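Following: one structure in structure tokens, then a few remarks.
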Amino acid sequence: MFMRMDKLLIDLPEPKRADPNAASALQELLGGKFGEMSTLNNYMFQSFNFRSKSKLRPFYDLVASITAEELGHVELVTNGCALLANGPPGAAPKGEPGDTPFDMMKDVRDPGGFFTGGGAGLPFDSSGRPWNGTFVFHTGNLVLDLLHNFFLECGARMHKLRVYETVSDETAREVCGYLLVRGSVHAQAYALALKKITGVSIEKMLPVPNIPLANIKESAKYEAEGIHRRLYTNSPEDYKAIAGIWSEDETTYDGTGPLVVMNGPPESGKIPDLAGASSAFTPDYAPEEIFEIAQKLWKAS
């Protein structure tokens, strides 16, 4: 089962303006082939279907614990997309439907996020194509599945770097910078797991592509905090056997320090409070009655 907390993995800066095109670019990290929906569902279904869990506990724990973090990554990117699509609170166009308040949306690269969700982050890629389950790879063969996971994390790193190069908004870049660090951790974790099984030093291939994250300022600050050395159990009691793989006698692939297992989830930030826009009917054209009802229910609780 899963536990949920009303937190975001990190604090996201508020965008200075609405930028639906930047939101569309960031959608690639949500619903693209190498996006967070893919990493989540690959690891989730691999962990659900994992064979001989009790006999292969360190490897099962690794895939299962990373699954939980990937849920947080999906949440993080979704919030980033929604923030960029809508802009700061109060920035939504105002007016009656006949005033064409969203005239500009017909000219953006992918208006589907507005037409479908009123400026929501949705499981689509940067072209508006929906994420689909054929991106999930599960064979039941441990080495092959771990090798695929290593490949998936390397592909995700490539995608994040390319998206980073297309956006200048600090909200989008913060999402990219943080995920680049955590994706590097997961790539090394799967490489080390393969090394334990096969004896092949796959971690020597890292990073792919070969650019140090110290060159990405949004990533460098997280590395300075040591986040690139941490793997989280994402559970108060379970999945501690990951320490057999992510162990203190190993170091980060860039040699900056020993690896550390952290019990529980990562540190967390504040969930953005997205402003409503009556002109887009979110949460409604005239939401005052809904707000009043919600306040009464909140007080009653």
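Chain labels A, B, ... are given in the sequence in which chains occur in the structure tokens; within each chain residues are numbered consecutively from 1, and ligands are likewise numbered from 1 in the order shown.
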Residue neighbourhood Asn41 (chain A), 7 Å, only C-alpha atoms, exclusion window fewer than 4 positions, as an MDAnalysis selection string: chainID A and resid 37 45 136
Val77 (chain A) surroundings by only C-alpha atoms, 8 Å radius, close-in-sequence under 3 positions cut, as number ranges by chain: A: 26-27, 29-30, 36, 73-74, 80-81, 121, 175
Given the selection you just returned, output its residues as a file containing N, CA and C atoms, formatted as a compact mmCIF listing (two decimals), in the first residue's frame.
# COMPACT_ATOMS: atom_id res chain seq x y z
N LEU A 26 7.47 21.08 -20.60
CA LEU A 26 7.64 20.33 -19.36
C LEU A 26 6.77 19.07 -19.36
N GLN A 27 5.69 19.08 -20.13
CA GLN A 27 4.84 17.90 -20.21
C GLN A 27 5.61 16.67 -20.69
N LEU A 29 8.35 15.68 -19.65
CA LEU A 29 8.90 15.02 -18.46
C LEU A 29 7.81 14.36 -17.63
N LEU A 30 6.57 14.56 -18.02
CA LEU A 30 5.46 13.92 -17.34
C LEU A 30 4.95 12.72 -18.14
N GLU A 36 8.10 10.85 -16.18
CA GLU A 36 7.88 10.31 -14.85
C GLU A 36 6.73 9.30 -14.80
N HIS A 73 7.56 12.29 -7.96
CA HIS A 73 8.06 12.97 -9.16
C HIS A 73 6.91 13.32 -10.10
N VAL A 74 5.97 12.40 -10.25
CA VAL A 74 4.79 12.69 -11.08
C VAL A 74 4.05 13.90 -10.52
N GLY A 80 4.38 21.62 -11.61
CA GLY A 80 5.16 22.55 -12.41
C GLY A 80 4.45 22.93 -13.70
N CYS A 81 3.85 21.94 -14.36
CA CYS A 81 3.11 22.20 -15.60
C CYS A 81 1.92 23.13 -15.33
N GLY A 121 -1.78 20.07 -15.55
CA GLY A 121 -0.77 19.12 -15.97
C GLY A 121 -1.43 17.76 -16.11
N VAL A 175 12.26 22.33 -11.56
CA VAL A 175 11.79 20.95 -11.71
C VAL A 175 12.86 20.10 -12.38
Which residue of A:Pro93, A:Gly269, A:Pro58, A:Gly276 approaches Ala193 (chain A) most closely, using only C-alpha atoms: A:Pro58
Closest contacts (region 167-253 of chain A/region 158-162 of chain A, max 7 Å, only C-alpha atoms) as a tab-separated table:
residue	atom	partner	partner_atom	distance
A:Cys176	CA	A:Lys160	CA	5.9
A:Leu180	CA	A:Lys160	CA	6.7
A:Pro209	CA	A:Met158	CA	6.3
Sel. of helix (DSSP H, G or I) residues, region 162-231 of chain A, as number ranges by chain: A: 162-164, 170-198, 202-205, 213-215, 217-224, 227-229
Using N, CA and C atoms, can you export the residues from the last selection as a CSV table (one decimal), in the first residue's frame?
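Result file selection29.csv:
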chain,number,residue,atom,x,y,z
A,162,ARG,N,17.5,18.1,-22.3
A,162,ARG,CA,17.0,18.8,-23.5
A,162,ARG,C,15.9,19.7,-23.2
A,163,VAL,N,15.0,19.3,-22.3
A,163,VAL,CA,13.9,20.2,-21.9
A,163,VAL,C,14.5,21.4,-21.2
A,164,TYR,N,15.4,21.2,-20.3
A,164,TYR,CA,16.1,22.3,-19.6
A,164,TYR,C,16.6,23.3,-20.6
A,170,GLU,N,12.1,30.0,-14.3
A,170,GLU,CA,12.8,29.4,-13.1
A,170,GLU,C,11.9,28.2,-12.6
A,171,THR,N,10.6,28.2,-12.8
A,171,THR,CA,9.8,27.1,-12.3
A,171,THR,C,10.2,25.8,-13.0
A,172,ALA,N,10.2,25.9,-14.3
A,172,ALA,CA,10.5,24.7,-15.1
A,172,ALA,C,11.9,24.3,-14.9
A,173,ARG,N,12.8,25.2,-14.7
A,173,ARG,CA,14.2,24.8,-14.5
A,173,ARG,C,14.5,24.2,-13.1
A,174,GLU,N,13.7,24.6,-12.1
A,174,GLU,CA,13.8,24.0,-10.8
A,174,GLU,C,13.3,22.6,-10.8
A,175,VAL,N,12.3,22.3,-11.6
A,175,VAL,CA,11.8,20.9,-11.7
A,175,VAL,C,12.9,20.1,-12.4
A,176,CYS,N,13.4,20.6,-13.5
A,176,CYS,CA,14.4,19.9,-14.2
A,176,CYS,C,15.7,19.6,-13.4
A,177,GLY,N,16.1,20.7,-12.7
A,177,GLY,CA,17.3,20.6,-11.9
A,177,GLY,C,17.2,19.5,-10.8
A,178,TYR,N,16.1,19.5,-10.1
A,178,TYR,CA,15.9,18.6,-9.0
A,178,TYR,C,15.9,17.1,-9.5
A,179,LEU,N,15.1,17.0,-10.6
A,179,LEU,CA,14.9,15.6,-11.1
A,179,LEU,C,16.2,15.1,-11.8
A,180,LEU,N,17.0,15.9,-12.3
A,180,LEU,CA,18.3,15.5,-12.8
A,180,LEU,C,19.1,14.8,-11.7
A,181,VAL,N,19.1,15.4,-10.5
A,181,VAL,CA,19.9,14.9,-9.4
A,181,VAL,C,19.3,13.5,-9.0
A,182,ARG,N,18.0,13.5,-8.8
A,182,ARG,CA,17.4,12.3,-8.3
A,182,ARG,C,17.4,11.2,-9.4
A,183,GLY,N,17.3,11.5,-10.6
A,183,GLY,CA,17.4,10.5,-11.7
A,183,GLY,C,18.8,9.9,-11.7
A,184,SER,N,19.8,10.7,-11.5
A,184,SER,CA,21.2,10.2,-11.4
A,184,SER,C,21.4,9.2,-10.3
A,185,VAL,N,20.7,9.5,-9.2
A,185,VAL,CA,20.8,8.6,-8.0
A,185,VAL,C,20.2,7.2,-8.5
A,186,HIS,N,19.0,7.3,-9.1
A,186,HIS,CA,18.3,6.0,-9.5
A,186,HIS,C,19.1,5.3,-10.5
A,187,ALA,N,19.7,6.0,-11.5
A,187,ALA,CA,20.6,5.3,-12.5
A,187,ALA,C,21.7,4.6,-11.8
A,188,GLN,N,22.4,5.2,-10.9
A,188,GLN,CA,23.5,4.6,-10.2
A,188,GLN,C,23.0,3.4,-9.3
A,189,ALA,N,21.8,3.6,-8.7
A,189,ALA,CA,21.3,2.5,-7.9
A,189,ALA,C,21.1,1.2,-8.7
A,190,TYR,N,20.5,1.4,-9.9
A,190,TYR,CA,20.3,0.2,-10.8
A,190,TYR,C,21.6,-0.3,-11.3
A,191,ALA,N,22.5,0.6,-11.6
A,191,ALA,CA,23.9,0.1,-12.0
A,191,ALA,C,24.5,-0.7,-10.9
A,192,LEU,N,24.4,-0.3,-9.7
A,192,LEU,CA,25.1,-1.0,-8.6
A,192,LEU,C,24.4,-2.4,-8.4
A,193,ALA,N,23.0,-2.4,-8.5
A,193,ALA,CA,22.3,-3.6,-8.4
A,193,ALA,C,22.8,-4.6,-9.4
A,194,LEU,N,23.0,-4.2,-10.7
A,194,LEU,CA,23.5,-5.1,-11.7
A,194,LEU,C,24.9,-5.5,-11.4
A,195,LYS,N,25.7,-4.6,-10.9
A,195,LYS,CA,27.1,-5.0,-10.5
A,195,LYS,C,27.1,-6.1,-9.4
A,196,LYS,N,26.2,-6.0,-8.5
A,196,LYS,CA,26.1,-7.0,-7.4
A,196,LYS,C,25.8,-8.4,-8.0
A,197,ILE,N,24.9,-8.4,-9.0
A,197,ILE,CA,24.5,-9.7,-9.6
A,197,ILE,C,25.5,-10.2,-10.6
A,198,THR,N,26.0,-9.4,-11.5
A,198,THR,CA,26.8,-9.8,-12.6
A,198,THR,C,28.3,-9.6,-12.5
A,202,ILE,N,28.8,-1.5,-14.4
A,202,ILE,CA,28.0,-0.7,-15.3
A,202,ILE,C,28.0,0.8,-14.8
A,203,GLU,N,28.2,1.0,-13.5
A,203,GLU,CA,28.2,2.4,-13.0
A,203,GLU,C,29.3,3.2,-13.6
A,204,LYS,N,30.3,2.6,-14.2
A,204,LYS,CA,31.4,3.3,-14.9
A,204,LYS,C,30.9,4.0,-16.1
A,205,MET,N,29.7,3.7,-16.6
A,205,MET,CA,29.2,4.3,-17.8
A,205,MET,C,28.6,5.7,-17.5
A,213,LEU,N,26.6,17.6,-13.4
A,213,LEU,CA,25.5,18.4,-12.9
A,213,LEU,C,25.9,19.7,-12.2
A,214,ALA,N,27.2,19.8,-11.9
A,214,ALA,CA,27.7,21.0,-11.4
A,214,ALA,C,27.6,22.1,-12.4
A,215,ASN,N,27.4,21.8,-13.7
A,215,ASN,CA,27.2,22.8,-14.8
A,215,ASN,C,25.8,23.3,-14.8
A,217,LYS,N,23.0,24.9,-12.6
A,217,LYS,CA,23.0,25.6,-11.3
A,217,LYS,C,21.9,25.1,-10.4
A,218,GLU,N,20.7,24.8,-11.0
A,218,GLU,CA,19.6,24.3,-10.2
A,218,GLU,C,19.9,22.9,-9.7
A,219,SER,N,20.7,22.2,-10.3
A,219,SER,CA,21.1,20.8,-9.8
A,219,SER,C,22.3,21.0,-8.8
A,220,ALA,N,23.2,21.9,-9.1
A,220,ALA,CA,24.4,22.0,-8.2
A,220,ALA,C,24.0,22.3,-6.8
A,221,LYS,N,23.0,23.1,-6.5
A,221,LYS,CA,22.6,23.4,-5.1
A,221,LYS,C,22.1,22.1,-4.4
A,222,TYR,N,21.5,21.3,-5.1
A,222,TYR,CA,21.0,20.0,-4.5
A,222,TYR,C,22.2,19.1,-4.2
A,223,GLU,N,23.1,19.0,-5.1
A,223,GLU,CA,24.3,18.2,-4.9
A,223,GLU,C,25.1,18.8,-3.7
A,224,ALA,N,25.1,20.1,-3.5
A,224,ALA,CA,25.8,20.7,-2.4
A,224,ALA,C,25.2,20.3,-1.1
A,227,ILE,N,22.1,15.6,-1.6
A,227,ILE,CA,20.9,14.9,-2.0
A,227,ILE,C,21.3,13.8,-3.1
A,228,HIS,N,22.4,14.0,-3.8
A,228,HIS,CA,22.8,13.1,-4.8
A,228,HIS,C,23.4,11.8,-4.2
A,229,ARG,N,23.6,11.8,-2.9
A,229,ARG,CA,24.2,10.6,-2.2
A,229,ARG,C,23.1,9.8,-1.5
Residue contacts of Ser126 (chain A) (8 Å, only C-alpha atoms) excluding same-chain residues fewer than 3 positions away, as a list in words: Ser24, Ala25, Leu26, Gln27, Glu28, Gly31, Gly32, Asp110 and Arg129 of chain A
Straight-line distance linking CA of Tyr232 (chain A) with CA of Leu71 (chain A), stated in Å to one decimal: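 Here the two named atoms are 13.2 Å from each other.
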CA of Leu40 (chain A) to CA of Pro123 (chain A), straight-line distance in Å: 12.0 Å
Spatial neighbours of Glu250 (chain A), 7 Å, only C-alpha atoms, chain gap at least 3 places, as JSON, numbers by chain: {"A": [247, 258, 259]}
Write the selection just made, keeping C-alpha atoms, as a JSON list (two decimals), in the first residue's frame?
[["chain", "number", "residue", "atom", "x", "y", "z"],
["A", 247, "SER", "CA", 25.90, 0.91, 0.78],
["A", 258, "PRO", "CA", 29.73, 7.91, 0.35],
["A", 259, "LEU", "CA", 26.24, 6.65, -0.35]]
